[in-house]
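Everything below belongs to data.txt, which stores compact mmCIF, C-alpha atoms.
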```txt
# COMPACT_ATOMS: atom_id res chain seq x y z
CA MET A 1383 47.42 -4.85 -50.49
CA PRO A 1384 45.47 -6.35 -53.42
CA SER A 1385 44.62 -4.09 -56.33
CA ILE A 1386 41.00 -3.03 -56.74
CA ALA A 1387 41.11 -3.12 -60.53
CA ASN A 1388 43.07 -4.50 -63.46
CA TYR A 1389 45.33 -1.83 -64.91
CA ARG A 1390 46.84 -3.96 -67.68
CA GLY A 1391 45.39 -2.97 -71.02
CA ILE A 1392 44.09 0.24 -72.54
CA ILE A 1393 42.75 3.03 -70.32
CA PRO A 1394 41.33 6.05 -72.15
CA ALA A 1395 41.68 9.43 -70.44
CA ILE A 1396 38.21 10.60 -71.35
CA SER A 1397 37.46 13.92 -73.01
CA CYS A 1398 34.78 16.07 -71.38
CA PRO A 1399 32.04 17.15 -73.81
CA PHE A 1400 30.62 20.63 -73.25
CA THR A 1401 27.43 22.30 -74.39
CA PRO A 1402 27.79 25.38 -76.64
CA ASP A 1403 27.54 27.56 -73.51
CA HIS A 1404 30.41 25.61 -71.86
CA ARG A 1405 28.48 23.52 -69.36
CA ILE A 1406 29.32 19.84 -68.82
CA ASP A 1407 27.17 17.91 -71.29
CA GLU A 1408 26.04 15.00 -69.13
CA THR A 1409 24.20 13.18 -71.91
CA ALA A 1410 27.19 13.35 -74.24
CA LEU A 1411 29.61 12.38 -71.46
CA ARG A 1412 27.54 9.32 -70.59
CA LYS A 1413 27.37 8.33 -74.26
CA LEU A 1414 31.13 8.71 -74.70
CA ALA A 1415 31.93 6.77 -71.52
CA SER A 1416 29.61 3.92 -72.48
CA TRP A 1417 31.05 3.77 -76.01
CA LEU A 1418 34.62 3.62 -74.70
CA ALA A 1419 33.83 0.96 -72.12
CA GLY A 1420 32.20 -1.17 -74.81
CA HIS A 1421 35.56 -1.85 -76.47
CA ASP A 1422 37.15 -5.19 -75.65
CA GLY A 1423 40.57 -4.27 -74.29
CA VAL A 1424 39.52 -1.15 -72.38
CA VAL A 1425 40.09 -2.05 -68.72
CA ALA A 1426 39.24 1.29 -67.05
CA ILE A 1427 38.33 4.90 -67.83
CA MET A 1428 40.17 7.90 -66.39
CA THR A 1429 38.39 11.19 -65.76
CA ASN A 1430 39.87 14.65 -65.17
CA GLY A 1431 43.07 14.19 -67.12
CA HIS A 1432 44.59 16.86 -69.31
CA THR A 1433 42.48 15.51 -72.20
CA GLY A 1434 39.41 16.16 -70.05
CA GLU A 1435 40.37 19.85 -69.82
CA VAL A 1436 40.79 19.42 -66.08
CA PHE A 1437 42.30 22.88 -65.60
CA SER A 1438 39.08 24.46 -66.83
CA LEU A 1439 36.97 22.55 -64.30
CA THR A 1440 36.15 23.66 -60.77
CA PRO A 1441 36.62 21.14 -57.94
CA ALA A 1442 32.85 20.53 -57.89
CA GLU A 1443 32.83 19.99 -61.65
CA ARG A 1444 35.69 17.51 -61.44
CA ALA A 1445 33.72 15.46 -58.93
CA GLU A 1446 30.63 15.77 -61.12
CA VAL A 1447 32.46 14.44 -64.20
CA THR A 1448 33.61 11.44 -62.17
CA ARG A 1449 30.12 10.91 -60.75
CA ILE A 1450 28.56 10.90 -64.21
CA VAL A 1451 31.09 8.48 -65.68
CA ALA A 1452 31.11 6.17 -62.65
CA ASP A 1453 27.32 6.07 -62.56
CA GLU A 1454 27.13 5.31 -66.28
CA LEU A 1455 29.72 2.52 -66.04
CA LYS A 1456 28.64 1.03 -62.71
CA GLY A 1457 29.34 -2.71 -62.76
CA ARG A 1458 30.92 -2.49 -66.22
CA CYS A 1459 34.22 -0.65 -65.96
CA PRO A 1460 36.21 0.93 -63.09
CA VAL A 1461 36.82 4.67 -63.06
CA ILE A 1462 40.06 6.46 -62.16
CA SER A 1463 40.01 10.18 -61.38
CA SER A 1464 43.04 12.44 -61.63
CA ILE A 1465 44.08 14.54 -58.67
CA VAL A 1466 45.47 17.87 -59.88
CA CYS A 1467 46.20 20.00 -56.83
CA GLU A 1468 48.85 22.20 -55.22
CA GLY A 1469 48.86 21.26 -51.54
CA LEU A 1470 48.31 18.32 -49.20
CA LYS A 1471 44.97 19.53 -47.81
CA ASP A 1472 43.65 20.43 -51.25
CA ALA A 1473 44.69 17.03 -52.61
CA ALA A 1474 43.06 15.25 -49.69
CA ASP A 1475 39.80 17.10 -50.28
CA HIS A 1476 39.85 16.24 -54.00
CA ALA A 1477 40.65 12.60 -53.24
CA ARG A 1478 37.70 12.25 -50.87
CA ALA A 1479 35.38 13.93 -53.37
CA ALA A 1480 36.54 11.69 -56.22
CA VAL A 1481 36.03 8.50 -54.22
CA ALA A 1482 32.62 9.70 -53.01
CA ALA A 1483 31.77 10.28 -56.68
CA GLY A 1484 32.62 6.68 -57.57
CA ALA A 1485 36.32 6.56 -58.44
CA VAL A 1486 38.10 3.35 -57.40
CA ALA A 1487 41.55 4.76 -58.13
CA LEU A 1488 43.26 8.15 -58.19
CA ASP A 1489 45.82 9.28 -60.75
CA VAL A 1490 48.22 11.54 -58.86
CA MET A 1491 49.68 14.32 -61.00
CA PRO A 1492 52.64 16.28 -59.63
CA PRO A 1493 51.59 19.61 -58.11
CA HIS A 1494 52.20 22.24 -60.73
CA HIS A 1495 54.28 24.49 -58.48
CA TRP A 1496 56.88 21.72 -58.68
CA LEU A 1497 57.24 22.59 -62.36
CA ARG A 1498 58.45 26.05 -61.32
CA PHE A 1499 60.27 25.44 -58.05
CA GLY A 1500 61.19 21.76 -58.12
CA PHE A 1501 60.63 19.36 -55.24
CA THR A 1502 62.34 16.77 -53.06
CA SER A 1503 61.64 13.04 -52.87
CA GLY A 1504 60.23 13.70 -49.41
CA HIS A 1505 57.70 16.12 -50.86
CA ALA A 1506 56.49 13.48 -53.30
CA LEU A 1507 56.25 10.71 -50.72
CA GLN A 1508 54.32 13.01 -48.34
CA TYR A 1509 51.96 13.97 -51.17
CA PHE A 1510 51.10 10.36 -52.02
CA GLU A 1511 50.74 9.50 -48.34
CA ALA A 1512 48.34 12.41 -47.72
CA ILE A 1513 46.15 11.30 -50.61
CA HIS A 1514 46.19 7.70 -49.43
CA GLU A 1515 45.26 8.71 -45.87
CA ALA A 1516 42.35 10.77 -47.21
CA ALA A 1517 41.06 7.95 -49.42
CA PRO A 1518 42.54 4.67 -48.15
CA GLU A 1519 40.06 2.57 -50.13
CA ALA A 1520 41.41 3.82 -53.47
CA ASP A 1521 44.34 2.54 -55.49
CA LEU A 1522 46.83 5.22 -56.48
CA VAL A 1523 48.36 5.68 -59.93
CA CYS A 1524 51.61 7.63 -60.27
CA HIS A 1525 51.49 10.11 -63.16
CA VAL A 1526 55.06 10.65 -64.41
CA TYR A 1527 55.82 13.98 -66.11
CA PRO A 1528 58.36 14.53 -68.92
CA ALA A 1529 62.04 14.23 -68.06
CA TRP A 1530 62.74 17.82 -69.13
CA THR A 1531 60.42 19.29 -66.46
CA ARG A 1532 61.34 20.16 -62.89
CA ALA A 1533 58.52 17.83 -61.79
CA SER A 1534 60.32 14.79 -63.23
CA TYR A 1535 60.74 11.84 -60.86
CA SER A 1536 64.12 10.16 -60.53
CA SER A 1537 64.42 6.42 -61.13
CA GLN A 1538 65.14 5.97 -57.42
CA LEU A 1539 62.00 7.87 -56.43
CA LEU A 1540 59.92 5.76 -58.81
CA ALA A 1541 61.38 2.64 -57.18
CA ASP A 1542 60.48 4.00 -53.74
CA LEU A 1543 56.95 4.77 -54.92
CA ALA A 1544 56.61 1.28 -56.41
CA LYS A 1545 57.18 -0.15 -52.95
CA LEU A 1546 54.12 1.65 -51.56
CA PRO A 1547 51.46 -1.07 -51.14
CA TYR A 1548 48.59 1.20 -52.13
CA LEU A 1549 50.20 2.43 -55.35
CA GLN A 1550 49.27 0.01 -58.11
CA ALA A 1551 50.22 1.57 -61.45
CA PHE A 1552 52.45 4.09 -63.19
CA LYS A 1553 51.37 6.36 -66.07
CA VAL A 1554 54.78 7.03 -67.59
CA GLY A 1555 55.39 9.93 -69.94
CA GLN A 1556 59.09 10.77 -69.74
CA ARG A 1557 59.46 11.74 -73.45
CA ASP A 1558 63.10 10.63 -73.07
CA MET A 1559 63.48 7.02 -74.18
CA ASN A 1560 66.73 6.45 -72.28
CA LYS A 1561 65.17 7.57 -69.00
CA TYR A 1562 61.97 5.72 -69.90
CA ALA A 1563 63.93 2.43 -70.12
CA ARG A 1564 65.82 3.12 -66.89
CA ASP A 1565 62.62 4.02 -65.05
CA ILE A 1566 60.79 0.90 -66.23
CA GLN A 1567 63.70 -1.23 -65.01
CA ALA A 1568 63.75 0.54 -61.64
CA ILE A 1569 60.01 0.00 -61.11
CA ARG A 1570 60.20 -3.65 -62.16
CA GLU A 1571 63.10 -4.31 -59.80
CA ALA A 1572 61.31 -2.61 -56.91
CA ASP A 1573 57.99 -4.43 -57.39
CA ALA A 1574 57.27 -6.34 -60.60
CA SER A 1575 53.57 -6.58 -59.72
CA LYS A 1576 52.96 -2.88 -60.37
CA ALA A 1577 51.44 -2.01 -63.75
CA ILE A 1578 53.40 0.29 -66.07
CA LEU A 1579 51.39 2.15 -68.71
CA THR A 1580 52.73 4.35 -71.46
CA CYS A 1581 51.17 7.78 -71.85
CA HIS A 1582 53.26 8.68 -74.90
CA ASP A 1583 50.25 9.46 -77.11
CA GLU A 1584 52.48 10.86 -79.83
CA TYR A 1585 54.66 7.76 -80.26
CA LEU A 1586 52.68 4.79 -79.08
CA LEU A 1587 54.42 1.92 -80.84
CA ALA A 1588 57.92 2.97 -79.81
CA SER A 1589 56.87 3.20 -76.16
CA MET A 1590 54.74 0.04 -76.15
CA VAL A 1591 57.60 -2.24 -77.18
CA GLN A 1592 59.64 -1.28 -74.11
CA GLY A 1593 58.01 -3.92 -71.92
CA VAL A 1594 55.01 -2.07 -70.49
CA ASP A 1595 51.56 -3.34 -69.54
CA GLY A 1596 49.37 -1.15 -71.72
CA ALA A 1597 48.57 2.51 -72.28
CA LEU A 1598 46.78 5.21 -70.33
CA VAL A 1599 46.32 7.89 -72.98
CA GLY A 1600 43.95 10.65 -73.97
CA PHE A 1601 44.35 9.57 -77.59
CA ALA A 1602 42.29 6.48 -76.72
CA THR A 1603 39.20 8.64 -76.14
CA PHE A 1604 39.35 9.31 -79.91
CA ILE A 1605 40.62 6.07 -81.50
CA PRO A 1606 40.27 3.34 -78.87
CA GLN A 1607 40.02 0.44 -81.33
CA LEU A 1608 43.16 1.39 -83.26
CA ILE A 1609 45.13 1.65 -80.03
CA ILE A 1610 43.72 -1.67 -78.81
CA ASP A 1611 44.68 -3.25 -82.13
CA LEU A 1612 48.19 -1.81 -81.81
CA TRP A 1613 48.55 -3.10 -78.25
CA ASN A 1614 47.27 -6.57 -79.21
CA ALA A 1615 49.81 -6.76 -82.03
CA VAL A 1616 52.62 -5.73 -79.69
CA LYS A 1617 51.56 -8.30 -77.09
CA ALA A 1618 51.49 -10.98 -79.79
CA GLY A 1619 54.98 -10.03 -80.93
CA ASP A 1620 53.63 -9.24 -84.40
CA LEU A 1621 55.78 -6.25 -85.32
CA LYS A 1622 54.61 -6.24 -88.93
CA LYS A 1623 50.97 -5.93 -87.85
CA ALA A 1624 51.89 -3.34 -85.22
CA MET A 1625 53.67 -1.21 -87.82
CA GLU A 1626 50.64 -1.43 -90.12
CA VAL A 1627 48.34 -0.20 -87.36
CA GLN A 1628 50.77 2.55 -86.37
CA ALA A 1629 50.85 3.67 -90.02
CA VAL A 1630 47.10 4.34 -89.76
CA ILE A 1631 47.51 6.08 -86.40
CA THR A 1632 50.42 8.31 -87.43
CA PRO A 1633 48.48 10.77 -89.66
CA LEU A 1634 45.88 11.09 -86.89
CA LYS A 1635 48.67 11.68 -84.39
CA ASP A 1636 50.23 14.34 -86.61
CA ALA A 1637 46.90 16.11 -87.12
CA VAL A 1638 46.14 16.12 -83.38
CA TYR A 1639 49.58 16.67 -81.82
CA GLY A 1640 51.28 18.51 -84.66
CA GLY A 1641 54.53 16.63 -84.23
CA GLY A 1642 54.91 17.72 -80.59
CA GLU A 1643 53.68 16.78 -77.14
CA PRO A 1644 50.06 17.09 -75.99
CA THR A 1645 48.83 20.64 -75.34
CA GLY A 1646 45.47 22.26 -74.65
CA GLU A 1647 45.09 23.05 -78.33
CA ALA A 1648 45.98 19.44 -79.19
CA HIS A 1649 43.09 18.34 -77.00
CA ALA A 1650 40.88 20.79 -78.87
CA ARG A 1651 42.05 19.30 -82.17
CA MET A 1652 41.29 15.85 -80.78
CA LYS A 1653 37.73 16.98 -80.06
CA GLY A 1654 37.56 18.21 -83.65
CA GLY A 1655 38.66 14.80 -84.87
CA MET A 1656 36.16 13.09 -82.57
CA TYR A 1657 33.42 15.26 -84.05
CA LEU A 1658 34.43 14.34 -87.60
CA ALA A 1659 34.47 10.66 -86.65
CA GLY A 1660 31.01 10.87 -85.08
CA VAL A 1661 32.31 10.11 -81.59
CA ILE A 1662 30.90 13.36 -80.18
CA ASP A 1663 28.33 15.77 -81.62
CA ASP A 1664 29.82 19.03 -80.30
CA ALA A 1665 33.55 19.85 -80.23
CA THR A 1666 33.22 22.86 -77.89
CA VAL A 1667 36.24 23.55 -75.67
CA ARG A 1668 36.38 25.93 -72.74
CA PRO A 1669 38.31 29.19 -73.12
CA PRO A 1670 41.12 30.06 -73.13
CA THR A 1671 41.75 26.84 -75.08
CA GLU A 1672 41.24 27.62 -78.75
CA ALA A 1673 39.24 25.52 -81.19
CA PRO A 1674 41.02 24.26 -84.34
CA ASN A 1675 41.21 26.68 -87.24
CA ALA A 1676 40.07 25.82 -90.78
CA LYS A 1677 43.49 24.56 -91.85
CA GLU A 1678 43.73 22.30 -88.80
CA MET A 1679 40.22 20.96 -89.41
CA ASP A 1680 41.16 20.17 -93.02
CA ALA A 1681 44.18 18.19 -91.80
CA LEU A 1682 42.01 16.37 -89.27
CA ARG A 1683 39.42 15.55 -91.91
CA ALA A 1684 42.09 14.09 -94.21
CA ALA A 1685 43.57 12.00 -91.39
CA VAL A 1686 40.19 10.75 -90.17
CA LYS A 1687 39.23 9.88 -93.75
CA GLN A 1688 42.41 7.88 -94.41
CA ALA A 1689 41.71 5.90 -91.24
CA GLY A 1690 38.24 5.03 -92.57
CA LEU A 1691 36.55 6.82 -89.67
CA LEU A 1692 35.04 9.90 -91.35
CA GLN A 1693 31.36 10.40 -90.51
CA ARG A 1694 30.96 14.14 -91.15
```
Would you mind giving the structure from this file in structure tokens?
Amino acid sequence: MPSIANYRGIIPAISCPFTPDHRIDETALRKLASWLAGHDGVVAIMTNGHTGEVFSLTPAERAEVTRIVADELKGRCPVISSIVCEGLKDAADHARAAVAAGAVALDVMPPHHWLRFGFTSGHALQYFEAIHEAAPEADLVCHVYPAWTRASYSSQLLADLAKLPYLQAFKVGQRDMNKYARDIQAIREADASKAILTCHDEYLLASMVQGVDGALVGFATFIPQLIIDLWNAVKAGDLKKAMEVQAVITPLKDAVYGGGEPTGEAHARMKGGMYLAGVIDDATVRPPTEAPNAKEMDALRAAVKQAGLLQR
């Protein structure tokens, strides 16, 4: 089954701008999507990821975010929409809605009850199959959760998923570099045509040099050009250049992620950084996610300034 889109390159998981009264800001979302797609090296845009505050959105709002972005980027850039559901029927409904809204691919996150109760390989394969049956025209992307969670996929399961003809890419975020290397090898051996994308926002360079095909990260909704520059240096084998770019990214990473993994508050800090850089005009997040405090905004301002991106 041929892939609908090219998944080799940089794919920003787009943030969702809100108005001060917490409605989806369509004008701002269109502006952000168009700006991201205008970067040479961005090969697709993903809606409804964690960076897009997906857990604060209703099913109708998730479809609306995808509709807005897909309409804005029609003929310019393909749109992927994340599926964040708990059951087969729910996931099928979301898949149909996302495709009707204009998504050409679906990023399949593990159901969150797996984080509490675990799962079997059969559960995972049934879940992907149900989504494919509901939206057979869409490519699927496998979203891999950290190795320390109960929703972590084994290397064997990833190999089995790689053999599915409708699954075209892997968004890998193991946060365990030994497992990361084993999983990449397992996917390559199962089907070398499938794209493997790092989603290790907090250590991009280290994860890019492991033989992947690009990055699918929320961080790219904030600093797409720096991440593109980093990826181009890695592809060219120019480690010196890559380290120089990463040195600019690192203070931004520290200010956003605080030395840890992405969280809701990290996504709020990213919006704060985007505001300071002039990427968005309103950094509102939906409760219960909390906006950055004054100390965090000071750290963001310093990091954005050192990167030469400060506009406010």
For stretch 1535-1543 of chain A: contacts at 12 Å, only C-alpha atoms, fewer than 5 positions along chain excluded, given as a PyMOL selection string: chain A and resi 1490-1492+1496-1497+1500-1511+1522-1530+1548-1556+1560-1574+1576+1578
For A:Pro1670, find every residue with an atom within 12 Å (counting only C-alpha atoms), except residues of its own chain fewer than 5 positions away, and show them as a ChimeraX atom specification. /A:1404,1435,1437-1438,1646-1647,1650
For atom CA of A:Ala1618 and atom CA of A:Asp1583, quote the distance in Å rounded to one decimal.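 These two atoms are separated by 20.7 Å.
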Contacts of A:Ala1676 at 12 Å or less, counting only C-alpha atoms, minus same-chain residues fewer than 4 places along, as an NGL selection string? :A and (1651 or 1654 or 1680-1683)
For the selection just defined, write its residues with C-alpha atoms to a file, as a tab-separated table (two decimals), keeping the file's coordinate frame.
```tsv
chain	number	residue	atom	x	y	z
A	1651	ARG	CA	42.05	19.30	-82.17
A	1654	GLY	CA	37.56	18.21	-83.65
A	1680	ASP	CA	41.16	20.17	-93.02
A	1681	ALA	CA	44.18	18.19	-91.80
A	1682	LEU	CA	42.01	16.37	-89.27
A	1683	ARG	CA	39.42	15.55	-91.91
```
I want to know what sits within 12 Å of A:Val1466, based on all atoms listed in the file, with residues of the same chain fewer than 2 positions away left out; could you give that as a ChimeraX atom specification? /A:1429-1432,1434-1441,1444,1463-1464,1468-1470,1472-1477,1480,1488-1495,1509,1513,1524-1525
